[in-house]
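Right, one structure below, let's go through it.
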Amino acid sequence: MSEKEKQKPFVRFVDCGRPVRFECSSPTDFRIEADGAVYAAGTVQHAAAAAASPLLIKASDAATLQQWVTRVVLTASADSSQQVQQVAAPPVASEDLKEIVFPSRNIRSDHDKNRSLRYSVTGPGADQPPTGIFIIEPISGELSVNKPLDREHISNFHLRAHAVDLNGNQVENPIDIVINVIDMNDNRPEFTHQIWNGSVPEGSKPGTFVMTVTSVDKDDPKTANGMLRYKILSQNPESPTSNMFTINNKTGGIITVAAGLDREKVPQYTLIIQATDMEGNPMYGLSNTATAVIRVTDVNDNPPEFTAETETEVCQKPEPNAINITALDGDLNPNAGPFAFELAHRPSDVRRNWTITRVSGDYAQVSLRIGFLESGIYEIPIIITDSGNLPMSNTSYLRIKVCQCDVNGDCTDQQHIMAAGLGTGAIISILLCIIILLILVLMFVVWMKRRDKERQAKQLLIDPEDDVRDNILKYDEEGGGEEDQVSGRR
Ligand SMILES: [Ca+2]
Ligand SMILES: [Ca+2]
Ligand SMILES: [Ca+2]
Ligand SMILES: [Ca+2]
């Protein structure tokens with residue numbers, strides 16, 4: 001690069017009307033003016049030196065805090081003896097300045113000082129499909145971007161620049177121009193499925209792998225624009241804790257992080273997963289969400305039990321009375337029914353007195369095995385076993401009241417049932433209340449009778465005016481009662 005060239009800007013950036021501030025990555029070799037013009041501060045000998053530390057130009061918008069960085073690739077002229085200026089120092093076009101004529105670059109030959117030249121560019125992006133992206137001003141040699149660029153579609157262009165005189169004679173060898181399109185973050189991460197289905201057995205330990213979700217970003221994965229990070233936004237239901245799962249932020253692998261998965265309580269969880277580019281930066285990154293549905297699969301962790309009634313009555317003599325029993329298991333088949341019903345071996349009289357018959361998978365009948373059983377209350381231990389691979393069983397107690405029955409098979413010794421139903425204390429209390437009530441009634445009747453008799457006696461002997469007073473005095477003096485009446489009669 002000659003001294004004269006150093007006085008001219010070799011690339012000029014435009015601010016697109018924004019109040020941006022330009023910065024240059026190697027201020028010792030280059031400088032950038034406020035108007036976007038880039039000057040070489042020293043002599044750039046070879047492109048290889050520049051390629052080792054690429055020249056980066058940063059534009060910052062102080063108002064919105066947005067920043068744009070673009071890279072200028074410097075390559076040597078095809079032949080330094082040729083006087084085409086910096087034709088091989090191509091601009092790097094950026095995706096986000098799509099419709100702006102940016103950056104412009106003059107392709108000029110020193111020959112045009114003497115004669116008029118006409119410039120042109122050829123290759124894909126110029127005269128070959130996709131045509132017209134790059135245009136060159138024929139007289140000034142200014143190269144510009146004329147159409148939107150999309151790195152995700154075409155990441156670089158190879159153009160050739162030509163200079164001919166007015167007679168059509170080639171005055172320079174054609175120059176190669178490589179234009180690399182700098183990636184901009186113009187694509188959101190996209191999940192490959194909107195709904196992801198996974199499953200995990202209940203009771204799994206923390207750290208158990210569940211599933212992996214995947215999102216893709218069309219931007220350059222070598223830049224932050226295409227570097228994704230995952231996170232769980234929400235979990236529904238938040239039971240037994242709000243953080244039952246965690247996600248590997250780079251791989252999207254979901255694992256359990258807490259104990260307490262119980263299908264019988266929460267058979268399914270729904271997670272909202274978010275993927276964000278710019279390495280998960282919440283301020284600048286673009287995000288998208290998907291749903292992960294995690295089914296909790298059944299494990300045999302519940303023994304079967306009686307469905308409801310565990311207390312019943314039966315006649316002393318067998319037939320036709322059999323007791324129906326049904327069982328229920330919190331698990332799903334085959335960890336639940338069909339069930340096996342069995343009388344316990346102990347106490348020994350259980351199997352001697354009773355028999356059990358399975359009617360269906362979850363239904364059996366208990367009946368008397370012997371011809372007669374004394375009235376009373378019997379607790380029958382029944383072992384119920386489920387069909388799980390590792391079966392679970394449970395001993396449930398059936399409380400049977402054996403009673404005398406009439407011809408219809410109904411219990412006749414109702415007083416026993418009442419006695420059994422009410423506690424001794426309650427019965428005593430009721431009897432005491434009745435006795436107290438009877439005493440009160442008796443006292444009232446006696447008092448009424450005595451009053452009537454007194455009245456009849458006084459009416460005959462004493463003046464009616466003094467009657468009441470005298471009666472009271474007498475009552476006070478002698479304490480009242482039967483004696484008074486008796487002495488009065490005498
Ligand atoms: Ca992106
Ligand atoms: Ca992009
Ligand atoms: Ca079970
Ligand atoms: Ca279960």
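Naming scheme: A, B, ... for chains in displayed order of the structure tokens; residues 1 onward per chain; ligands 1 onward as shown.
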
- Query: Within 12 Å of Gly226 in chain A, counting only C-alpha atoms, which residues qualify if same-chain residues fewer than 2 places away don't, as a PyMOL selection string?
  - Reply: chain A and resi 152+183-190+215-224+228-229+275-281+285-287

- Task: Assign secondary structure with DSSP using the backbone only, and return the residues of range 167-322 of chain A in strand (DSSP E or B) as a PyMOL selection string.
- Result: chain A and resi 170+175-182+190-191+195-201+209-212+215-216+229-236+245-247+253-256+268-276+287-297+305-306+311-315

Limited to C-alpha atoms, could you put the picked residues into a file as an mmCIF file, in the first residue's frame?
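Written out: out-v8.cif:
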data_model
loop_
_atom_site.group_PDB
_atom_site.id
_atom_site.type_symbol
_atom_site.label_atom_id
_atom_site.label_comp_id
_atom_site.auth_asym_id
_atom_site.auth_seq_id
_atom_site.Cartn_x
_atom_site.Cartn_y
_atom_site.Cartn_z
ATOM 1 C CA GLN A 170 -9.163 -5.150 -21.210
ATOM 2 C CA ILE A 175 -9.611 -9.335 -10.079
ATOM 3 C CA ASP A 176 -11.182 -11.876 -7.736
ATOM 4 C CA ILE A 177 -13.363 -10.485 -4.999
ATOM 5 C CA VAL A 178 -14.529 -12.775 -2.207
ATOM 6 C CA ILE A 179 -17.386 -11.397 -0.161
ATOM 7 C CA ASN A 180 -18.172 -13.190 3.072
ATOM 8 C CA VAL A 181 -21.579 -12.589 4.573
ATOM 9 C CA ILE A 182 -21.298 -11.970 8.288
ATOM 10 C CA GLU A 190 -36.867 -23.772 16.626
ATOM 11 C CA PHE A 191 -37.757 -26.934 18.521
ATOM 12 C CA ILE A 195 -44.629 -31.439 22.142
ATOM 13 C CA TRP A 196 -42.086 -33.896 23.514
ATOM 14 C CA ASN A 197 -43.270 -37.060 25.200
ATOM 15 C CA GLY A 198 -41.182 -38.813 27.794
ATOM 16 C CA SER A 199 -41.655 -41.134 30.718
ATOM 17 C CA VAL A 200 -40.018 -42.005 34.010
ATOM 18 C CA PRO A 201 -40.880 -44.726 36.536
ATOM 19 C CA PHE A 209 -32.523 -39.616 32.869
ATOM 20 C CA VAL A 210 -35.970 -38.824 31.457
ATOM 21 C CA MET A 211 -35.673 -37.486 27.904
ATOM 22 C CA THR A 212 -33.848 -35.057 25.624
ATOM 23 C CA SER A 215 -33.959 -27.117 19.229
ATOM 24 C CA VAL A 216 -32.135 -25.896 16.129
ATOM 25 C CA ARG A 229 -29.117 -22.805 26.016
ATOM 26 C CA TYR A 230 -32.115 -24.629 27.474
ATOM 27 C CA LYS A 231 -34.074 -23.996 30.613
ATOM 28 C CA ILE A 232 -37.297 -25.145 32.286
ATOM 29 C CA LEU A 233 -39.742 -22.279 32.580
ATOM 30 C CA SER A 234 -42.508 -24.072 34.467
ATOM 31 C CA GLN A 235 -43.642 -27.394 35.861
ATOM 32 C CA ASN A 236 -47.255 -28.420 36.275
ATOM 33 C CA PHE A 245 -36.742 -32.001 37.018
ATOM 34 C CA THR A 246 -33.731 -30.170 35.698
ATOM 35 C CA ILE A 247 -32.425 -29.718 32.153
ATOM 36 C CA GLY A 253 -31.274 -33.639 28.528
ATOM 37 C CA ILE A 254 -33.942 -33.706 31.227
ATOM 38 C CA ILE A 255 -33.242 -35.590 34.461
ATOM 39 C CA THR A 256 -35.016 -35.949 37.789
ATOM 40 C CA GLN A 268 -48.103 -36.777 34.523
ATOM 41 C CA TYR A 269 -46.027 -33.597 34.518
ATOM 42 C CA THR A 270 -46.015 -30.853 31.907
ATOM 43 C CA LEU A 271 -42.869 -28.769 31.542
ATOM 44 C CA ILE A 272 -42.465 -25.639 29.435
ATOM 45 C CA ILE A 273 -38.938 -25.676 28.019
ATOM 46 C CA GLN A 274 -37.246 -22.606 26.594
ATOM 47 C CA ALA A 275 -34.334 -22.471 24.172
ATOM 48 C CA THR A 276 -32.464 -19.163 23.809
ATOM 49 C CA SER A 287 -36.167 -17.596 22.424
ATOM 50 C CA ASN A 288 -38.748 -20.217 21.695
ATOM 51 C CA THR A 289 -40.635 -22.677 23.861
ATOM 52 C CA ALA A 290 -41.888 -26.238 23.624
ATOM 53 C CA THR A 291 -43.824 -28.543 25.923
ATOM 54 C CA ALA A 292 -42.408 -31.675 27.505
ATOM 55 C CA VAL A 293 -45.036 -34.121 28.743
ATOM 56 C CA ILE A 294 -43.546 -36.581 31.213
ATOM 57 C CA ARG A 295 -45.651 -39.613 32.055
ATOM 58 C CA VAL A 296 -44.917 -41.235 35.402
ATOM 59 C CA THR A 297 -45.063 -44.994 34.843
ATOM 60 C CA GLU A 305 -56.981 -53.812 50.285
ATOM 61 C CA PHE A 306 -60.703 -54.268 50.919
ATOM 62 C CA GLU A 311 -67.733 -55.352 59.133
ATOM 63 C CA THR A 312 -70.663 -57.622 58.440
ATOM 64 C CA GLU A 313 -73.179 -60.047 59.951
ATOM 65 C CA VAL A 314 -73.695 -63.663 59.244
ATOM 66 C CA CYS A 315 -75.991 -66.387 60.579
#

- Residues near Lys265 in chain A, cut-off 9 Å, only C-alpha atoms, skip fewer than 3 positions along chain, as a list of chain:residue names: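 Those residues are A:Ser239, A:Leu261, A:Asp262.
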
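Closest approach to ligand 4 among A:Ile427, A:Val266, A:Val407, A:Ala37: A:Val266, based on only C-alpha atoms and all ligand atoms.
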
- Message: List as an MDAnalysis selection string the protein and nucleic acid residues lying within 6 Å of ligand 4, with only C-alpha atoms and all ligand atoms counted.
- Response: chainID A and resid 263:264 298:301 331

- Two-atom distance - CA of Asp35 in chain A, CA of Gly141 in chain A (Å): 20.6 Å

- Residue neighbourhood Val366 in chain A, 10 Å, only C-alpha atoms, exclusion window fewer than 5 positions, as a list in words: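 Counting only the stated atoms, we get Asn321, Ala322, Ile323, Asn324, Ile325, Phe341, Leu343, Trp354, Thr355, Ile356, Thr357, Arg358, Ile380, Ile382 and Leu398 of chain A.
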
- Write out as a list in words which residues come within 12 Å of Ala340 in chain A when counting only C-alpha atoms, dropping same-chain ones fewer than 4 positions away.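 Counting only C-alpha atoms, the residues come to Pro303, Pro304, Glu305, Thr326, Ala327, Leu328, Ala336, Ile356, Thr357, Arg358, Val359, Ser360, Gly361, Asp362, Tyr363, Ala364, Ile382, Ile383, Ile384, Thr385, Asp386, Ser387, Gly388, Pro391, Met392, Ser393, Asn394 and Thr395 of chain A.
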
- Using CA of Glu238 in chain A and CA of Glu202 in chain A as the two end points, give the distance in Å to one decimal.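 One can read the CA of Glu238 in chain A to CA of Glu202 in chain A distance as 15.7 Å.
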
- Selection: 9 Å around Pro9 in chain A, only C-alpha atoms, excl. self and same-chain fewer than 4 positions, as a list in words: Glu5, Ile32, Ala37, Val38, Tyr39 and Ala40 of chain A

- Please indicate the distance in Å from CA of Pro206 in chain A to CA of Ala259 in chain A, rounded to one decimal place. 5.6 Å
